[in-house]
>>> print(open('coords17.cif').read())   # mmCIF, C-alpha atoms and all ligand atoms
data_entry
loop_
_atom_site.label_atom_id
_atom_site.label_comp_id
_atom_site.auth_asym_id
_atom_site.auth_seq_id
_atom_site.Cartn_x
_atom_site.Cartn_y
_atom_site.Cartn_z
CA MET A 6 1.58 -6.59 27.77
CA SER A 7 4.00 -4.68 25.52
CA GLY A 8 7.68 -4.05 26.06
CA ARG A 9 11.30 -4.87 25.56
CA ALA A 10 11.98 -8.31 27.00
CA GLU A 11 15.04 -10.47 26.55
CA ILE A 12 14.68 -12.83 23.63
CA SER A 13 16.70 -16.00 23.22
CA PRO A 14 19.53 -16.27 20.64
CA HIS A 15 17.29 -18.57 18.59
CA GLU A 16 14.43 -16.07 18.67
CA ARG A 17 16.88 -13.38 17.63
CA ALA A 18 17.86 -15.52 14.63
CA LEU A 19 14.17 -16.00 13.76
CA LEU A 20 13.56 -12.26 13.91
CA GLU A 21 16.56 -11.70 11.63
CA GLN A 22 15.07 -14.30 9.27
CA THR A 23 12.00 -12.05 8.80
CA LEU A 24 14.30 -9.36 7.35
CA GLY A 25 15.54 -11.86 4.78
CA LEU A 26 11.98 -12.88 3.93
CA ALA A 27 11.04 -9.20 3.53
CA GLU A 28 13.71 -8.76 0.83
CA LEU A 29 11.88 -11.27 -1.37
CA GLY A 30 9.14 -8.64 -1.80
CA ARG A 31 11.50 -6.11 -3.38
CA PRO A 32 10.79 -4.46 -5.81
CA ALA A 33 7.16 -5.59 -6.26
CA ALA A 34 5.95 -4.22 -2.91
CA ARG A 35 6.76 -0.61 -3.89
CA PRO A 36 5.47 1.87 -2.76
CA ASN A 37 4.72 -0.24 0.32
CA PRO A 38 7.57 -1.28 2.60
CA VAL A 39 9.04 -4.78 2.29
CA VAL A 40 7.91 -6.91 5.24
CA GLY A 41 8.59 -10.50 6.29
CA ALA A 42 6.90 -12.66 8.94
CA LEU A 43 7.07 -16.15 10.34
CA VAL A 44 5.28 -18.27 12.92
CA ALA A 45 7.36 -20.50 15.18
CA ALA A 46 6.25 -23.17 17.65
CA ALA A 47 7.19 -22.94 21.35
CA ASP A 48 10.28 -25.11 20.66
CA GLY A 49 11.42 -22.68 17.95
CA THR A 50 10.44 -24.81 14.94
CA VAL A 51 9.34 -22.61 12.02
CA LEU A 52 5.75 -23.51 11.11
CA ALA A 53 5.01 -20.95 8.38
CA THR A 54 6.63 -18.00 6.63
CA GLY A 55 5.34 -15.11 4.57
CA TYR A 56 6.26 -11.80 3.00
CA HIS A 57 4.42 -8.92 1.33
CA ARG A 58 4.71 -10.15 -2.24
CA ARG A 59 3.29 -7.26 -4.18
CA TYR A 60 1.66 -3.88 -3.66
CA GLY A 61 -2.07 -4.34 -3.04
CA GLU A 62 -1.70 -7.99 -2.04
CA HIS A 63 -1.84 -9.57 1.44
CA HIS A 64 0.52 -8.31 4.10
CA ALA A 65 3.28 -10.57 5.40
CA GLU A 66 1.55 -11.52 8.68
CA ARG A 67 -1.58 -12.61 6.80
CA VAL A 68 0.46 -14.70 4.34
CA ALA A 69 2.27 -16.48 7.18
CA LEU A 70 -0.92 -17.04 9.20
CA ASP A 71 -2.81 -18.33 6.15
CA ALA A 72 0.01 -20.82 5.47
CA LEU A 73 -0.41 -22.28 8.94
CA GLU A 74 -2.32 -25.56 9.12
CA VAL A 75 -2.89 -25.61 12.88
CA LEU A 76 -1.78 -23.18 15.53
CA PRO A 77 -0.15 -25.08 18.40
CA PRO A 78 -0.31 -23.50 21.86
CA GLY A 79 2.66 -21.27 22.68
CA ALA A 80 3.39 -20.26 19.06
CA THR A 81 4.96 -16.85 18.37
CA LEU A 82 4.59 -14.53 15.38
CA PHE A 83 7.82 -12.79 14.31
CA VAL A 84 7.48 -9.77 12.02
CA SER A 85 9.96 -7.24 10.61
CA LEU A 86 7.58 -4.22 10.84
CA GLU A 87 4.83 -3.61 13.36
CA PRO A 88 1.43 -4.98 12.30
CA CYS A 89 -0.86 -2.23 11.02
CA ALA A 90 -4.06 -1.20 12.76
CA HIS A 91 -5.57 0.67 9.81
CA ARG A 92 -7.49 -0.45 6.76
CA GLY A 93 -5.70 0.31 3.50
CA LYS A 94 -5.91 -1.97 0.48
CA GLN A 95 -6.02 -4.79 3.03
CA PRO A 96 -7.85 -5.18 6.38
CA PRO A 97 -5.84 -4.35 9.53
CA CYS A 98 -3.25 -7.02 10.28
CA THR A 99 -3.78 -6.66 14.03
CA ASP A 100 -7.38 -7.97 13.68
CA GLN A 101 -6.10 -11.01 11.79
CA VAL A 102 -3.38 -11.66 14.36
CA ILE A 103 -5.90 -11.46 17.23
CA ALA A 104 -8.39 -13.69 15.36
CA SER A 105 -5.68 -16.28 14.67
CA GLY A 106 -5.26 -17.00 18.38
CA ILE A 107 -1.55 -16.07 18.46
CA ARG A 108 -0.68 -14.93 22.00
CA ARG A 109 2.87 -13.64 21.48
CA VAL A 110 4.35 -11.33 18.83
CA ILE A 111 7.99 -10.22 18.41
CA ILE A 112 8.46 -7.10 16.26
CA ALA A 113 11.69 -5.81 14.70
CA SER A 114 10.76 -2.19 13.88
CA ALA A 115 8.06 0.41 14.51
CA ASP A 116 5.79 1.93 11.87
CA ALA A 117 7.32 4.89 10.04
CA ASN A 118 4.26 7.09 10.36
CA PRO A 119 4.23 8.87 13.74
CA ARG A 120 0.44 9.23 13.48
CA THR A 121 -0.14 5.48 13.33
CA ALA A 122 3.02 4.12 15.02
CA GLY A 123 2.27 2.04 18.09
CA GLN A 124 -1.44 1.66 17.38
CA GLY A 125 -1.20 -1.92 16.13
CA PRO A 126 0.93 -3.13 19.06
CA ALA A 127 -1.36 -1.28 21.52
CA ARG A 128 -4.39 -3.02 20.07
CA LEU A 129 -2.67 -6.39 20.28
CA ALA A 130 -1.73 -5.74 23.91
CA GLN A 131 -5.34 -4.71 24.73
CA ALA A 132 -6.47 -8.04 23.31
CA GLY A 133 -4.10 -9.82 25.70
CA VAL A 134 -1.35 -10.59 23.16
CA SER A 135 2.15 -10.29 24.54
CA VAL A 136 4.08 -7.80 22.34
CA ILE A 137 7.87 -7.80 22.45
CA TRP A 138 10.15 -5.37 20.62
CA GLY A 139 13.34 -6.88 19.23
CA PRO A 140 16.88 -5.70 20.00
CA ASP A 141 18.01 -2.24 18.86
CA ASP A 142 20.54 -3.52 16.30
CA ILE A 143 17.87 -5.54 14.46
CA ALA A 144 15.47 -2.57 14.69
CA ARG A 145 18.09 -0.35 13.01
CA ARG A 146 18.60 -2.85 10.20
CA ALA A 147 14.85 -3.24 9.73
CA VAL A 148 14.41 0.54 9.48
CA GLN A 149 17.29 0.85 7.01
CA GLN A 150 15.76 -1.97 4.95
CA ASN A 151 12.82 0.38 4.28
CA ALA A 152 14.90 3.55 4.36
CA GLY A 153 12.66 5.49 1.94
CA PHE A 154 9.43 4.57 3.73
CA HIS A 155 10.88 5.78 7.04
CA ALA A 156 12.73 8.80 5.58
CA SER A 157 9.61 10.20 3.96
CA HIS A 158 7.85 10.26 7.35
CA ARG A 159 10.79 11.21 9.55
CA TRP A 160 12.65 13.61 7.25
CA GLY A 161 9.81 14.80 5.03
CA ARG A 162 11.81 13.87 1.94
CA PRO A 163 12.67 10.72 -0.01
CA TYR A 164 15.82 8.68 0.60
CA VAL A 165 18.33 9.44 -2.15
CA THR A 166 20.69 6.81 -3.52
CA CYS A 167 23.29 8.17 -5.92
CA LYS A 168 24.36 5.57 -8.45
CA TRP A 169 26.92 5.86 -11.18
CA ALA A 170 29.35 3.79 -13.23
CA MET A 171 32.92 4.85 -13.78
CA THR A 172 36.14 3.57 -15.22
CA ARG A 173 39.18 2.85 -13.05
CA ASN A 174 40.33 6.44 -13.69
CA GLY A 175 36.99 8.00 -12.68
CA ARG A 176 35.54 8.66 -16.16
CA VAL A 177 31.76 8.42 -16.58
CA ALA A 178 31.82 8.35 -20.40
CA THR A 179 33.97 6.19 -22.67
CA GLY A 180 34.14 8.41 -25.77
CA ASP A 181 34.23 5.14 -27.72
CA PRO A 182 31.27 4.60 -30.07
CA ASN A 183 31.88 0.85 -29.91
CA ARG A 184 31.66 0.84 -26.15
CA ARG A 185 28.34 2.37 -25.27
CA TRP A 186 28.22 1.29 -21.62
CA ILE A 187 30.84 1.47 -18.92
CA SER A 188 29.35 -1.21 -16.69
CA SER A 189 28.86 -4.94 -17.33
CA PRO A 190 25.52 -6.51 -18.42
CA GLU A 191 25.16 -7.90 -14.87
CA SER A 192 25.52 -4.40 -13.40
CA ARG A 193 23.00 -2.97 -15.85
CA GLU A 194 20.52 -5.66 -14.79
CA LEU A 195 21.11 -4.63 -11.19
CA VAL A 196 20.35 -1.03 -12.13
CA HIS A 197 16.94 -2.11 -13.44
CA TYR A 198 16.34 -3.79 -10.07
CA MET A 199 17.33 -0.55 -8.30
CA ARG A 200 15.06 1.50 -10.55
CA ALA A 201 12.19 -0.91 -10.01
CA GLY A 202 12.42 -0.37 -6.24
CA SER A 203 12.48 3.44 -6.55
CA GLY A 204 9.58 5.85 -6.78
CA ALA A 205 11.65 8.17 -8.98
CA VAL A 206 14.76 8.06 -11.15
CA ALA A 207 16.51 11.42 -11.58
CA VAL A 208 19.12 12.96 -13.90
CA GLY A 209 20.37 16.43 -14.83
CA VAL A 210 19.78 17.93 -18.25
CA GLY A 211 23.48 17.33 -19.01
CA THR A 212 22.78 13.59 -19.08
CA VAL A 213 19.68 14.05 -21.23
CA LEU A 214 21.63 16.10 -23.78
CA ALA A 215 24.63 13.74 -23.80
CA ASP A 216 22.99 10.31 -23.64
CA ASP A 217 19.30 10.74 -24.48
CA PRO A 218 18.36 8.05 -21.89
CA LEU A 219 14.99 6.35 -21.47
CA LEU A 220 15.32 5.63 -17.73
CA THR A 221 12.50 3.08 -17.64
CA VAL A 222 12.52 -0.32 -15.94
CA ARG A 223 13.06 -2.93 -18.65
CA GLY A 224 13.92 -6.63 -18.92
CA THR A 225 12.93 -9.17 -16.30
CA MET A 226 12.09 -6.51 -13.70
CA ARG A 227 9.36 -4.93 -15.82
CA ASP A 228 6.75 -7.56 -14.91
CA ARG A 229 7.52 -7.27 -11.23
CA ILE A 230 6.35 -3.68 -10.80
CA ALA A 231 2.87 -2.19 -10.88
CA ASN A 232 4.06 1.05 -12.48
CA GLN A 233 7.19 2.70 -13.82
CA PRO A 234 9.08 5.08 -11.53
CA LEU A 235 8.59 8.79 -12.14
CA ARG A 236 11.39 10.08 -14.39
CA VAL A 237 12.76 13.39 -13.13
CA VAL A 238 15.00 15.87 -14.92
CA TYR A 239 16.76 18.85 -13.28
CA ASP A 240 16.77 21.44 -16.02
CA ARG A 241 16.71 24.92 -14.49
CA SER A 242 16.50 26.89 -17.75
CA LEU A 243 14.58 24.24 -19.75
CA ARG A 244 17.20 23.30 -22.30
CA MET A 245 15.61 19.91 -22.89
CA THR A 246 13.62 19.56 -26.10
CA PRO A 247 10.52 17.43 -26.87
CA ASP A 248 12.40 15.24 -29.36
CA CYS A 249 14.37 13.39 -26.64
CA GLN A 250 13.47 9.80 -25.74
CA LEU A 251 12.21 10.79 -22.28
CA VAL A 252 9.59 13.12 -23.70
CA ARG A 253 8.68 10.84 -26.60
CA SER A 254 7.93 8.04 -24.12
CA ALA A 255 5.90 10.23 -21.71
CA ASP A 256 2.82 8.03 -22.38
CA GLU A 257 4.69 4.98 -21.16
CA ALA A 258 6.12 6.48 -17.96
CA PRO A 259 5.61 9.95 -16.45
CA VAL A 260 8.25 12.68 -16.73
CA LEU A 261 8.63 15.62 -14.35
CA VAL A 262 11.05 18.48 -14.99
CA PHE A 263 12.27 20.86 -12.28
CA CYS A 264 13.11 24.32 -13.60
CA VAL A 265 13.53 27.70 -11.93
CA GLU A 266 10.79 30.29 -11.70
CA GLY A 267 11.21 32.54 -14.72
CA ALA A 268 12.39 29.76 -17.07
CA PRO A 269 11.26 30.47 -20.66
CA ASP A 270 7.47 30.06 -21.04
CA GLU A 271 7.83 28.87 -24.61
CA ALA A 272 10.04 25.93 -23.61
CA ARG A 273 7.73 25.13 -20.75
CA ASN A 274 4.63 25.12 -22.97
CA ARG A 275 6.36 22.89 -25.51
CA LEU A 276 7.23 20.29 -22.87
CA GLU A 277 3.79 20.45 -21.26
CA ARG A 278 2.08 20.00 -24.63
CA ALA A 279 4.18 16.86 -25.08
CA GLY A 280 2.84 15.42 -21.80
CA VAL A 281 5.64 16.43 -19.41
CA GLU A 282 4.91 17.98 -16.01
CA VAL A 283 7.04 21.06 -15.34
CA VAL A 284 7.48 22.35 -11.78
CA ALA A 285 9.13 25.73 -11.21
CA LEU A 286 10.97 26.29 -7.92
CA PRO A 287 12.69 29.42 -6.59
CA HIS A 288 16.28 29.79 -7.77
CA GLY A 289 18.79 29.40 -4.94
CA PRO A 290 20.38 27.04 -2.45
CA GLY A 291 17.05 25.46 -1.45
CA PHE A 292 16.32 24.27 -4.99
CA LEU A 293 17.32 20.64 -4.57
CA ALA A 294 15.81 20.25 -1.09
CA GLY A 295 12.61 21.88 -2.40
CA SER A 296 12.49 19.44 -5.28
CA LEU A 297 12.71 16.50 -2.87
CA GLU A 298 9.85 17.91 -0.79
CA GLU A 299 7.82 18.09 -4.00
CA LEU A 300 8.62 14.46 -4.74
CA ALA A 301 7.69 13.39 -1.19
CA ALA A 302 4.34 15.17 -1.62
CA ARG A 303 3.79 12.99 -4.70
CA GLY A 304 4.35 9.84 -2.63
CA VAL A 305 7.93 9.19 -3.79
CA ASN A 306 9.86 7.45 -0.99
CA ASP A 307 13.07 6.58 -2.84
CA VAL A 308 14.97 8.52 -5.48
CA LEU A 309 17.62 6.81 -7.57
CA LEU A 310 19.91 9.62 -8.73
CA GLU A 311 21.48 8.49 -12.01
CA ALA A 312 22.89 11.87 -13.03
CA GLY A 313 26.32 12.90 -14.26
CA PRO A 314 29.02 14.33 -11.98
CA GLN A 315 27.59 17.88 -11.78
CA LEU A 316 24.20 17.08 -10.30
CA CYS A 317 25.49 14.18 -8.19
CA GLU A 318 28.11 16.47 -6.65
CA ALA A 319 25.48 19.20 -6.11
CA PHE A 320 23.20 16.78 -4.23
CA HIS A 321 26.13 15.57 -2.15
CA ALA A 322 27.26 19.13 -1.35
CA ALA A 323 23.72 19.84 -0.11
CA SER A 324 23.97 16.74 2.12
CA LEU A 325 21.14 15.13 0.18
CA VAL A 326 22.89 11.93 -0.92
CA ASP A 327 21.98 9.25 1.63
CA ALA A 328 23.67 6.24 0.02
CA VAL A 329 26.06 5.64 -2.86
CA THR A 330 26.36 2.73 -5.26
CA CYS A 331 29.26 2.91 -7.69
CA PHE A 332 30.08 0.38 -10.41
CA VAL A 333 33.80 0.52 -11.14
CA ALA A 334 34.68 -1.04 -14.50
CA PRO A 335 38.10 -2.66 -14.99
CA PHE A 336 39.37 -0.35 -17.74
CA GLU A 337 40.47 3.23 -18.24
CA ALA A 338 39.07 5.88 -20.58
CA SER A 339 40.69 9.00 -21.94
CA PRO A 340 41.12 11.66 -19.24
CA ASP A 341 39.37 14.06 -21.65
CA GLN A 342 36.07 12.29 -21.02
CA ALA A 343 33.53 13.55 -18.46
CA GLY A 344 34.21 12.25 -14.99
CA PHE A 345 35.10 12.82 -11.38
CA SER A 346 38.34 14.27 -10.09
CA ARG A 347 40.29 12.16 -7.61
CA SER A 348 39.50 14.71 -4.90
CA SER A 349 35.76 14.62 -5.62
CA PRO A 350 33.91 14.44 -2.28
CA LEU A 351 31.53 11.89 -3.78
CA VAL A 352 34.38 9.59 -4.84
CA GLN A 353 35.97 10.09 -1.41
CA ALA A 354 32.65 9.07 0.13
CA LEU A 355 33.13 5.59 -1.36
CA GLN A 356 36.02 4.94 1.01
CA GLY A 357 35.15 2.30 3.57
CA GLY A 358 32.19 1.15 1.49
CA GLN A 359 31.18 -2.47 1.13
CA ARG A 360 32.70 -4.07 -1.99
CA THR A 361 31.15 -6.82 -4.09
CA SER A 362 31.42 -7.98 -7.69
CA SER A 363 28.96 -7.71 -10.54
CA GLY A 364 30.26 -9.40 -13.67
CA VAL A 365 33.68 -7.85 -14.25
CA ASP A 366 32.80 -4.71 -12.24
CA THR A 367 33.51 -3.94 -8.62
CA VAL A 368 30.46 -2.53 -6.87
CA VAL A 369 31.03 -0.17 -3.96
CA ILE A 370 28.05 0.53 -1.71
CA ARG A 371 28.07 2.89 1.25
CA VAL A 372 25.31 4.27 3.43
CA LEU A 373 26.05 7.91 4.27
CA HIS A 374 22.89 8.69 6.24
CA GLU A 375 21.10 6.03 8.25
CA VAL A 376 17.44 6.71 8.93
CA THR A 377 17.14 6.97 12.71
N1 LIG A 401 28.48 6.71 -16.06
C1 LIG A 401 27.39 7.14 -15.49
O1 LIG A 401 26.87 6.52 -14.54
C2 LIG A 401 26.75 8.39 -16.02
C3 LIG A 401 25.47 8.75 -15.59
C4 LIG A 401 24.92 9.93 -16.08
C5 LIG A 401 25.66 10.72 -16.96
N2 LIG A 401 26.87 10.32 -17.37
C6 LIG A 401 27.69 11.15 -18.26
O2 LIG A 401 27.88 12.39 -17.60
C7 LIG A 401 28.03 13.40 -18.60
C8 LIG A 401 27.08 14.52 -18.28
O3 LIG A 401 27.48 15.06 -17.03
P1 LIG A 401 26.75 16.26 -16.36
O4 LIG A 401 27.42 16.46 -15.07
O5 LIG A 401 26.64 17.38 -17.32
O6 LIG A 401 25.26 15.65 -16.18
P2 LIG A 401 24.14 15.91 -15.09
O7 LIG A 401 24.76 16.12 -13.75
O8 LIG A 401 23.16 14.81 -15.21
O9 LIG A 401 23.46 17.25 -15.57
C9 LIG A 401 24.06 18.48 -15.34
C10 LIG A 401 23.01 19.53 -15.21
O10 LIG A 401 22.29 19.36 -13.99
C11 LIG A 401 21.80 20.61 -13.60
N3 LIG A 401 22.27 20.90 -12.27
C12 LIG A 401 23.54 20.82 -11.80
N4 LIG A 401 23.61 21.25 -10.54
C13 LIG A 401 22.36 21.61 -10.19
C14 LIG A 401 21.79 22.14 -9.01
N5 LIG A 401 22.51 22.41 -7.94
N6 LIG A 401 20.47 22.38 -9.00
C15 LIG A 401 19.73 22.13 -10.09
N7 LIG A 401 20.21 21.64 -11.25
C16 LIG A 401 21.52 21.38 -11.28
C17 LIG A 401 22.44 21.65 -14.51
O11 LIG A 401 21.52 22.02 -15.50
P3 LIG A 401 21.07 23.56 -15.65
O12 LIG A 401 22.23 24.39 -15.32
O13 LIG A 401 20.58 23.67 -17.02
O14 LIG A 401 19.99 23.68 -14.65
C18 LIG A 401 23.56 20.92 -15.15
O15 LIG A 401 23.89 21.40 -16.43
C19 LIG A 401 27.76 12.76 -19.93
O16 LIG A 401 29.00 12.46 -20.53
C20 LIG A 401 27.06 11.48 -19.57
O17 LIG A 401 27.29 10.47 -20.52
C21 LIG A 401 27.42 9.17 -16.92
#
>>> encode(input="coords17.cif", output="structure tokens")
Amino acid sequence: MSGRAEISPHERALLEQTLGLAELGRPAARPNPVVGALVAAADGTVLATGYHRRYGEHHAERVALDALEVLPPGATLFVSLEPCAHRGKQPPCTDQVIASGIRRVIIASADANPRTAGQGPARLAQAGVSVIWGPDDIARRAVQQNAGFHASHRWGRPYVTCKWAMTRNGRVATGDPNRRWISSPESRELVHYMRAGSGAVAVGVGTVLADDPLLTVRGTMRDRIANQPLRVVYDRSLRMTPDCQLVRSADEAPVLVFCVEGAPDEARNRLERAGVEVVALPHGPGFLAGSLEELAARGVNDVLLEAGPQLCEAFHAASLVDAVTCFVAPFEASPDQAGFSRSSPLVQALQGGQRTSSGVDTVVIRVLHEVT
């Protein structure tokens, strides 16, 4: 049996709990989705929990089932994403669920891949397991929790989060040699967490020329990821030179540069000799969308756009910014410094966003495009 049945308020709370468990797997699960699972007895007592801890390791259902000492009759498995029916790095979860003796499964969200979606639940139902889909609001949250995983299948492009730090008066540079960063140490740590969960980190050449960034995951997050995100530079006429930090560290983490067809061969050869991949796309309004399709083809589900105002605004104007995260620092910088105008559509997009604190900064987060 498979379908949408009423679940009790307590079961609803248990299903929501699997979304919280799933978060514990971020960022180490990348490029897999984060998934949480739990087994509850017929009276609602939680018997075991699990989550997908790291890419290549056991899936959440398996972790929860393995943690179970005995399976009492009437137990239910709750899981944030439908159990898979295919063999990847791990055997199919559906086989393990069936073998465990569980007779009832409540699922928050369907698989992102239309070619495999529904196969796991169908197999469970064939084996006599009762499969229940959770309420729509939890399904939406579960899909958004793995926005990139779902976007790459449903939209054919990665999910793009535009992140920047600015002063109270909208400046993105301080102009003060004694004040290198705008945001607080706590916010910068958060940025490493965001990078670690992204398949690619992107900037425009303006940022490379101004800041010479490294864009790698460093600090405590470094040990939690299998590999560094791809570092992407938008540099249509190849102004970037091989002496920048990005190119000099190409052995440590890959670098991909998007230029236009007809960009100077000499510059291209220089970058390629230094270990950078250069991809030329047709000049024109489809440039940014085309670049995202290229990234999706490379298995990138999430892009963290860390560019300056020009490229961020260009992505937003093309309707390719799906979420924004802005760190607003509690000071002002000279209006001569690079920054956003008050009427900037991207700054306007922050209105109505969720506000939290990070050290002395205010963090504003807003989802512009939900994956549906
Ligand atoms: N506070 C922060 O969070 C933060 C983050 C990054 C940068 N910054 C600051 O921002 C300043 C640099 O700003 P910026 O706006 O020049 O940097 P940027 O947006 O990273 O880079 C600008 C470059 O992106 C490329 N670009 C722009 N629109 C494009 C489009 N539609 N398609 C393809 N490529 C496009 C252009 O290069 P081509 O014309 O050569 O193709 C353009 O020169 C610096 O002061 C830096 O310190 C601050």
>>> residues_near_ligand(input="coords17.cif", ligand="ligand LIG 401 (chain A)", cutoff="6 Å", atoms="all atoms listed in the file", output="PDB file with C-alpha atoms, keeping the file's coordinate frame")
ATOM      1  CA  TRP A 169      26.920   5.860 -11.180  1.00  0.00           C
ATOM      2  CA  ALA A 170      29.350   3.790 -13.230  1.00  0.00           C
ATOM      3  CA  MET A 171      32.920   4.850 -13.780  1.00  0.00           C
ATOM      4  CA  VAL A 177      31.760   8.420 -16.580  1.00  0.00           C
ATOM      5  CA  ALA A 178      31.820   8.350 -20.400  1.00  0.00           C
ATOM      6  CA  VAL A 208      19.120  12.960 -13.900  1.00  0.00           C
ATOM      7  CA  GLY A 209      20.370  16.430 -14.830  1.00  0.00           C
ATOM      8  CA  VAL A 210      19.780  17.930 -18.250  1.00  0.00           C
ATOM      9  CA  GLY A 211      23.480  17.330 -19.010  1.00  0.00           C
ATOM     10  CA  THR A 212      22.780  13.590 -19.080  1.00  0.00           C
ATOM     11  CA  ALA A 215      24.630  13.740 -23.800  1.00  0.00           C
ATOM     12  CA  ASP A 216      22.990  10.310 -23.640  1.00  0.00           C
ATOM     13  CA  TYR A 239      16.760  18.850 -13.280  1.00  0.00           C
ATOM     14  CA  ASP A 240      16.770  21.440 -16.020  1.00  0.00           C
ATOM     15  CA  ARG A 241      16.710  24.920 -14.490  1.00  0.00           C
ATOM     16  CA  SER A 242      16.500  26.890 -17.750  1.00  0.00           C
ATOM     17  CA  LEU A 293      17.320  20.640  -4.570  1.00  0.00           C
ATOM     18  CA  GLU A 311      21.480   8.490 -12.010  1.00  0.00           C
ATOM     19  CA  ALA A 312      22.890  11.870 -13.030  1.00  0.00           C
ATOM     20  CA  GLY A 313      26.320  12.900 -14.260  1.00  0.00           C
ATOM     21  CA  PRO A 314      29.020  14.330 -11.980  1.00  0.00           C
ATOM     22  CA  GLN A 315      27.590  17.880 -11.780  1.00  0.00           C
ATOM     23  CA  LEU A 316      24.200  17.080 -10.300  1.00  0.00           C
ATOM     24  CA  CYS A 317      25.490  14.180  -8.190  1.00  0.00           C
ATOM     25  CA  ALA A 319      25.480  19.200  -6.110  1.00  0.00           C
ATOM     26  CA  ALA A 343      33.530  13.550 -18.460  1.00  0.00           C
TER      27      ALA A 343
END
>>> closest_residue(input="coords17.cif", among="A:Val84, A:Ala334, A:Leu325, A:Val252", to="Ala115 (chain A)", atoms="all atoms listed in the file")
A:Val84
>>> residues_around(input="coords17.cif", residues="Val372 (chain A)", least_positions_apart="4", cutoff="10 Å", atoms="only C-alpha atoms", output="MDAnalysis selection string")
chainID A and resid 149 166 326:330 354:355 358:359 376
>>> write_last_selection(input="coords17.cif", atoms="C-alpha atoms", output="compact mmCIF listing (two decimals), in the frame of the given file")
# COMPACT_ATOMS: atom_id res chain seq x y z
CA GLN A 149 17.29 0.85 7.01
CA THR A 166 20.69 6.81 -3.52
CA VAL A 326 22.89 11.93 -0.92
CA ASP A 327 21.98 9.25 1.63
CA ALA A 328 23.67 6.24 0.02
CA VAL A 329 26.06 5.64 -2.86
CA THR A 330 26.36 2.73 -5.26
CA ALA A 354 32.65 9.07 0.13
CA LEU A 355 33.13 5.59 -1.36
CA GLY A 358 32.19 1.15 1.49
CA GLN A 359 31.18 -2.47 1.13
CA VAL A 376 17.44 6.71 8.93
>>> closest_residue(input="coords17.cif", among="A:Gln22, A:Thr367, A:Thr172, A:Ser13", to="Asp48 (chain A)", atoms="only C-alpha atoms")
A:Ser13
>>> closest_residue(input="coords17.cif", among="A:Val110, A:Ala231, A:His158, A:Leu219", to="Glu62 (chain A)", atoms="only C-alpha atoms")
A:Ala231
>>> closest_residue(input="coords17.cif", among="A:Glu318, A:Leu220, A:Arg176, A:Ser189", to="Val365 (chain A)", atoms="all atoms listed in the file")
A:Ser189
>>> atom_distance(input="coords17.cif", atom1="CA of Ser192 (chain A)", atom2="CA of Gly55 (chain A)")
29.1 Å
>>> residues_around(input="coords17.cif", residues="Leu52 (chain A)", least_positions_apart="3", cutoff="9 Å", atoms="all atoms listed in the file", output="list in words")
Leu43, Val44, Ala45, Ala46, Gly49, Ala69, Ala72, Leu73, Glu74, Leu76 and Ala80 of chain A
>>> write_last_selection(input="coords17.cif", atoms="C-alpha atoms", output="PDB file, keeping the file's coordinate frame")
ATOM      1  CA  LEU A  43       7.070 -16.150  10.340  1.00  0.00           C
ATOM      2  CA  VAL A  44       5.280 -18.270  12.920  1.00  0.00           C
ATOM      3  CA  ALA A  45       7.360 -20.500  15.180  1.00  0.00           C
ATOM      4  CA  ALA A  46       6.250 -23.170  17.650  1.00  0.00           C
ATOM      5  CA  GLY A  49      11.420 -22.680  17.950  1.00  0.00           C
ATOM      6  CA  ALA A  69       2.270 -16.480   7.180  1.00  0.00           C
ATOM      7  CA  ALA A  72       0.010 -20.820   5.470  1.00  0.00           C
ATOM      8  CA  LEU A  73      -0.410 -22.280   8.940  1.00  0.00           C
ATOM      9  CA  GLU A  74      -2.320 -25.560   9.120  1.00  0.00           C
ATOM     10  CA  LEU A  76      -1.780 -23.180  15.530  1.00  0.00           C
ATOM     11  CA  ALA A  80       3.390 -20.260  19.060  1.00  0.00           C
TER      12      ALA A  80
END
>>> residues_around(input="coords17.cif", residues="Thr99 (chain A)", least_positions_apart="6", cutoff="10 Å", atoms="all atoms listed in the file", output="VMD selection string")
chain A and resid 66 to 67 87 to 91 105 124 to 129 132
>>> closest_residue(input="coords17.cif", among="A:Glu194, A:Glu299, A:Val260, A:Lys168", to="Ile370 (chain A)", atoms="all atoms listed in the file")
A:Lys168
>>> closest_residue(input="coords17.cif", among="A:Ala113, A:Val136, A:Ala285, A:Ala33", to="Thr81 (chain A)", atoms="only C-alpha atoms")
A:Val136
>>> residues_around(input="coords17.cif", residues="Cys249 (chain A)", least_positions_apart="5", cutoff="9 Å", atoms="all atoms listed in the file", output="PyMOL selection string")
chain A and resi 213-214+217-219+254
>>> atom_distance(input="coords17.cif", atom1="CA of Ser339 (chain A)", atom2="CA of Leu310 (chain A)")
24.6 Å
>>> atom_distance(input="coords17.cif", atom1="CA of Gln131 (chain A)", atom2="CA of Leu24 (chain A)")
26.6 Å
>>> residues_around(input="coords17.cif", residues="Gln356 (chain A)", least_positions_apart="4", cutoff="10 Å", atoms="all atoms listed in the file", output="PyMOL selection string")
chain A and resi 351-352+369-371
>>> write_last_selection(input="coords17.cif", atoms="C-alpha atoms", output="PDB file, in the frame of the given file")
ATOM      1  CA  LEU A 351      31.530  11.890  -3.780  1.00  0.00           C
ATOM      2  CA  VAL A 352      34.380   9.590  -4.840  1.00  0.00           C
ATOM      3  CA  VAL A 369      31.030  -0.170  -3.960  1.00  0.00           C
ATOM      4  CA  ILE A 370      28.050   0.530  -1.710  1.00  0.00           C
ATOM      5  CA  ARG A 371      28.070   2.890   1.250  1.00  0.00           C
TER       6      ARG A 371
END
>>> residues_near_point(input="coords17.cif", point="(14.6, 32.2, -5.7)", cutoff="8 Å", atoms="all atoms listed in the file", output="list in words")
Val265, Glu266, Leu286, Pro287, His288 and Gly289 of chain A
